[in-house]
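J.: If it helps, the file is called model.pdb and holds PDB, C-alpha atoms:
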```
MODEL        1
ATOM      1  CA  MET A   1      -9.287  28.411  -0.435
ATOM      2  CA  GLU A   2      -9.202  25.553  -2.986
ATOM      3  CA  ASN A   3      -5.709  26.448  -4.198
ATOM      4  CA  GLU A   4      -4.455  26.229  -0.594
ATOM      5  CA  LEU A   5      -5.374  22.548  -0.329
ATOM      6  CA  MET A   6      -3.486  19.466  -1.548
ATOM      7  CA  THR A   7      -4.198  16.756  -4.096
ATOM      8  CA  VAL A   8      -3.224  13.248  -2.989
ATOM      9  CA  LYS A   9      -2.679  10.508  -5.546
ATOM     10  CA  ILE A  10      -2.245   6.925  -4.297
ATOM     11  CA  LEU A  11      -0.342   4.787  -6.812
ATOM     12  CA  LEU A  12      -0.108   0.990  -6.836
ATOM     13  CA  PRO A  13       2.231  -0.991  -9.110
ATOM     14  CA  PHE A  14      -0.618  -1.816 -11.485
ATOM     15  CA  LYS A  15      -3.091   1.069 -11.185
ATOM     16  CA  ILE A  16      -4.020   4.391  -9.631
ATOM     17  CA  PHE A  17      -5.756   3.472  -6.369
ATOM     18  CA  ASP A  18      -7.258   6.902  -5.734
ATOM     19  CA  LYS A  19      -6.898  10.590  -6.499
ATOM     20  CA  VAL A  20      -8.274  12.884  -3.814
ATOM     21  CA  ARG A  21      -8.611  16.632  -4.163
ATOM     22  CA  ASN A  22      -9.015  19.301  -1.473
ATOM     23  CA  VAL A  23      -7.000  17.477   1.174
ATOM     24  CA  LYS A  24      -6.450  19.570   4.303
ATOM     25  CA  ARG A  25      -3.888  17.353   6.023
ATOM     26  CA  VAL A  26      -2.025  14.059   5.707
ATOM     27  CA  VAL A  27      -0.468  11.809   8.352
ATOM     28  CA  ALA A  28       2.000   9.118   7.263
ATOM     29  CA  GLU A  29       4.303   6.647   9.004
ATOM     30  CA  THR A  30       8.024   6.279   8.338
ATOM     31  CA  GLY A  31      10.752   4.282  10.036
ATOM     32  CA  GLU A  32      11.429   7.371  12.162
ATOM     33  CA  GLY A  33       7.790   7.725  13.279
ATOM     34  CA  SER A  34       4.628   9.476  12.115
ATOM     35  CA  PHE A  35       4.627  12.912  10.551
ATOM     36  CA  GLY A  36       1.989  15.294   9.245
ATOM     37  CA  LEU A  37       1.743  17.309   6.070
ATOM     38  CA  LEU A  38      -0.157  20.548   5.677
ATOM     39  CA  PRO A  39      -0.544  22.391   2.365
ATOM     40  CA  GLN A  40       2.064  25.032   3.296
ATOM     41  CA  ARG A  41       4.780  22.503   4.172
ATOM     42  CA  LEU A  42       7.944  22.533   2.098
ATOM     43  CA  ASP A  43       8.428  19.833  -0.505
ATOM     44  CA  CYS A  44       9.728  16.537   0.828
ATOM     45  CA  VAL A  45      10.292  12.831   0.183
ATOM     46  CA  ALA A  46       9.720  10.060   2.748
ATOM     47  CA  ALA A  47      10.079   6.279   2.791
ATOM     48  CA  LEU A  48       6.841   4.812   4.158
ATOM     49  CA  ILE A  49       6.504   1.681   6.263
ATOM     50  CA  PRO A  50       3.438  -0.588   6.407
ATOM     51  CA  GLY A  51       0.808   1.117   8.526
ATOM     52  CA  ILE A  52      -2.121   3.519   8.483
ATOM     53  CA  PHE A  53      -2.067   6.494   6.111
ATOM     54  CA  ILE A  54      -4.542   9.223   7.125
ATOM     55  CA  TYR A  55      -5.876  12.132   5.122
ATOM     56  CA  GLU A  56      -8.654  14.637   5.727
ATOM     57  CA  THR A  57     -10.829  16.407   3.181
ATOM     58  CA  GLU A  58     -13.435  19.077   3.735
ATOM     59  CA  ALA A  59     -16.157  16.994   2.072
ATOM     60  CA  GLU A  60     -15.448  13.480   3.431
ATOM     61  CA  GLY A  61     -13.662  14.206   6.688
ATOM     62  CA  VAL A  62     -10.960  11.829   7.916
ATOM     63  CA  ARG A  63     -10.197   8.762   5.762
ATOM     64  CA  TYR A  64      -7.885   5.856   6.527
ATOM     65  CA  LEU A  65      -5.768   3.665   4.269
ATOM     66  CA  ALA A  66      -3.863   0.584   5.309
ATOM     67  CA  ILE A  67      -0.744   0.698   3.154
ATOM     68  CA  ASP A  68       2.260  -1.466   2.482
ATOM     69  CA  GLU A  69       5.741  -0.001   2.272
ATOM     70  CA  GLY A  70       6.397   2.663  -0.326
ATOM     71  CA  ILE A  71       7.377   6.265  -0.869
ATOM     72  CA  LEU A  72       5.701   9.651  -0.432
ATOM     73  CA  VAL A  73       6.654  12.706  -2.499
ATOM     74  CA  LYS A  74       5.239  16.179  -1.806
ATOM     75  CA  ALA A  75       5.838  18.721  -4.550
ATOM     76  CA  GLY A  76       3.852  21.915  -4.145
ATOM     77  CA  PRO A  77       0.177  21.045  -3.643
ATOM     78  CA  GLU A  78       0.666  17.522  -5.086
ATOM     79  CA  VAL A  79       1.288  14.542  -2.805
ATOM     80  CA  LEU A  80       2.167  11.278  -4.566
ATOM     81  CA  VAL A  81       2.111   8.083  -2.538
ATOM     82  CA  SER A  82       3.453   4.993  -4.287
ATOM     83  CA  VAL A  83       2.933   1.751  -2.350
ATOM     84  CA  ARG A  84       2.777  -1.985  -3.027
ATOM     85  CA  ASN A  85      -0.778  -2.361  -1.742
ATOM     86  CA  ALA A  86      -3.501  -0.231  -0.175
ATOM     87  CA  ILE A  87      -6.892  -0.869   1.400
ATOM     88  CA  GLY A  88      -9.165   2.056   2.229
ATOM     89  CA  GLY A  89     -12.046   2.671   4.575
ATOM     90  CA  PRO A  90     -13.786   5.366   6.623
ATOM     91  CA  ASP A  91     -13.777   3.268   9.818
ATOM     92  CA  LEU A  92     -10.678   1.799  11.483
ATOM     93  CA  GLY A  93     -12.567  -1.267  12.760
ATOM     94  CA  LYS A  94     -13.825  -2.251   9.318
ATOM     95  CA  LEU A  95     -10.435  -1.445   7.833
ATOM     96  CA  ARG A  96      -8.811  -3.865  10.280
ATOM     97  CA  GLU A  97     -11.249  -6.615   9.234
ATOM     98  CA  SER A  98     -10.499  -5.958   5.553
ATOM     99  CA  VAL A  99      -6.744  -6.061   6.152
ATOM    100  CA  GLU A 100      -6.980  -9.320   8.110
ATOM    101  CA  LYS A 101      -9.114 -10.895   5.364
ATOM    102  CA  ASP A 102      -6.740  -9.764   2.617
ATOM    103  CA  PHE A 103      -3.699 -11.023   4.553
ATOM    104  CA  MET A 104      -5.394 -14.390   5.069
ATOM    105  CA  ASP A 105      -6.092 -14.557   1.318
ATOM    106  CA  LEU A 106      -2.459 -13.635   0.601
ATOM    107  CA  ASP A 107      -1.246 -16.289   3.039
ATOM    108  CA  GLU A 108      -3.376 -18.952   1.308
ATOM    109  CA  ASN A 109      -2.143 -17.886  -2.142
ATOM    110  CA  GLU A 110       1.441 -17.887  -0.864
ATOM    111  CA  ARG A 111       1.013 -21.430   0.510
ATOM    112  CA  LYS A 112      -0.337 -22.595  -2.858
ATOM    113  CA  ALA A 113       2.518 -20.918  -4.718
ATOM    114  CA  ARG A 114       5.106 -22.504  -2.414
ATOM    115  CA  SER A 115       3.508 -25.922  -2.909
ATOM    116  CA  VAL A 116       3.645 -25.540  -6.700
ATOM    117  CA  MET A 117       7.257 -24.353  -6.530
ATOM    118  CA  ALA A 118       8.225 -27.330  -4.365
ATOM    119  CA  LYS A 119       6.644 -29.714  -6.885
ATOM    120  CA  LEU A 120       8.455 -27.983  -9.757
ATOM    121  CA  GLU A 121      11.776 -28.127  -7.915
ATOM    122  CA  SER A 122      11.412 -31.807  -7.032
ATOM    123  CA  GLY A 123      10.406 -32.610 -10.625
ATOM    124  CA  PHE A 124      13.424 -30.708 -11.911
ATOM    125  CA  ILE A 125      15.785 -32.514  -9.529
ATOM    126  CA  TYR A 126      14.254 -35.882 -10.477
ATOM    127  CA  SER A 127      14.778 -35.064 -14.158
ATOM    128  CA  LEU A 128      18.416 -34.077 -13.536
ATOM    129  CA  GLU A 129      19.078 -37.295 -11.603
ATOM    130  CA  LYS A 130      17.493 -39.353 -14.355
ATOM    131  CA  LEU A 131      19.537 -37.515 -16.991
ATOM    132  CA  SER A 132      22.786 -37.997 -15.077
ATOM    133  CA  LYS A 133      22.231 -41.776 -14.829
ATOM    134  CA  GLU A 134      21.933 -42.126 -18.592
TER     135      GLU A 134
ENDMDL
END
```
Go through the file and emit its structure as structure tokens.
T.:
Amino acid sequence: MENELMTVKILLPFKIFDKVRNVKRVVAETGEGSFGLLPQRLDCVAALIPGIFIYETEAEGVRYLAIDEGILVKAGPEVLVSVRNAIGGPDLGKLRESVEKDFMDLDENERKARSVMAKLESGFIYSLEKLSKE
């Protein structure tokens, strides 16, 4: 039965997030809605939207991943999912808390980056004005 199951590999821009063997089914979200993959399904490619990616293994049961946008490619028993970011968890409630915390951290980092960029831009403009007066 092992050769009838899928292997799912979750890829991030900077690392392999996870590689899961013996996956019985996958549920992913696209702009057209959710769809499921079973091992016998024909090969396909799908553009993923931010949402919940679900997969089920015989050993661990149902697992959930909060993912950012990306792409899914199924080729034979291999399913490759390449996304910008992913957060995993066995429980949807805890996953929601993790996502909210990570988004708050991202928001704070984004605010800091915008503040630094504004200071750089104003310094650059000040330097140009000073140079043009000379």
J.: What is the distance, in Å and to one decimal place, between CA of Ile87 in chain A and CA of Ala28 in chain A?
T.: 14.6 Å
J.: Give me the residues near range 29-39 of chain A as a PyMOL selection string, where near means some atom within 12 Å (using all atoms listed in the file) and where sequence neighbours in that chain fewer than 6 positions away do not count.
T.: chain A and resi 1-8+21-23+45-57+65-79+81
J.: Show which residues sit within 7 Å of Ile10 in chain A, as a PyMOL selection string. Count all atoms listed in the file, and ignore same-chain residues fewer than 4 positions away.
T.: chain A and resi 16-19+80-82
J.: I'd like to know which of A:Phe124, A:Cys44, A:Asn85, A:Leu131 is closest to Phe14 in chain A, using all atoms listed in the file.
T.: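 Smallest distance to Phe14 in chain A is found for A:Asn85.
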J.: So the first atom is CA of Lys130 in chain A and the second is CA of Arg114 in chain A; what is the distance between them in Å, to one decimal place?
T.: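 Separation of CA of Lys130 in chain A and CA of Arg114 in chain A: 24.1 Å.
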J.: Separation of CA of Arg25 in chain A and CA of Glu100 in chain A, in Å?
T.: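 These two atoms are separated by 26.9 Å.
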J.: Can you spell out as JSON, numbers by chain the set of residues that the PyMOL selection byres ((chain A and resi 91) around 12) selects in the structure I just provided?
T.: {"A": [52, 54, 61, 62, 63, 64, 65, 66, 87, 88, 89, 90, 92, 93, 94, 95, 96, 97, 98]}
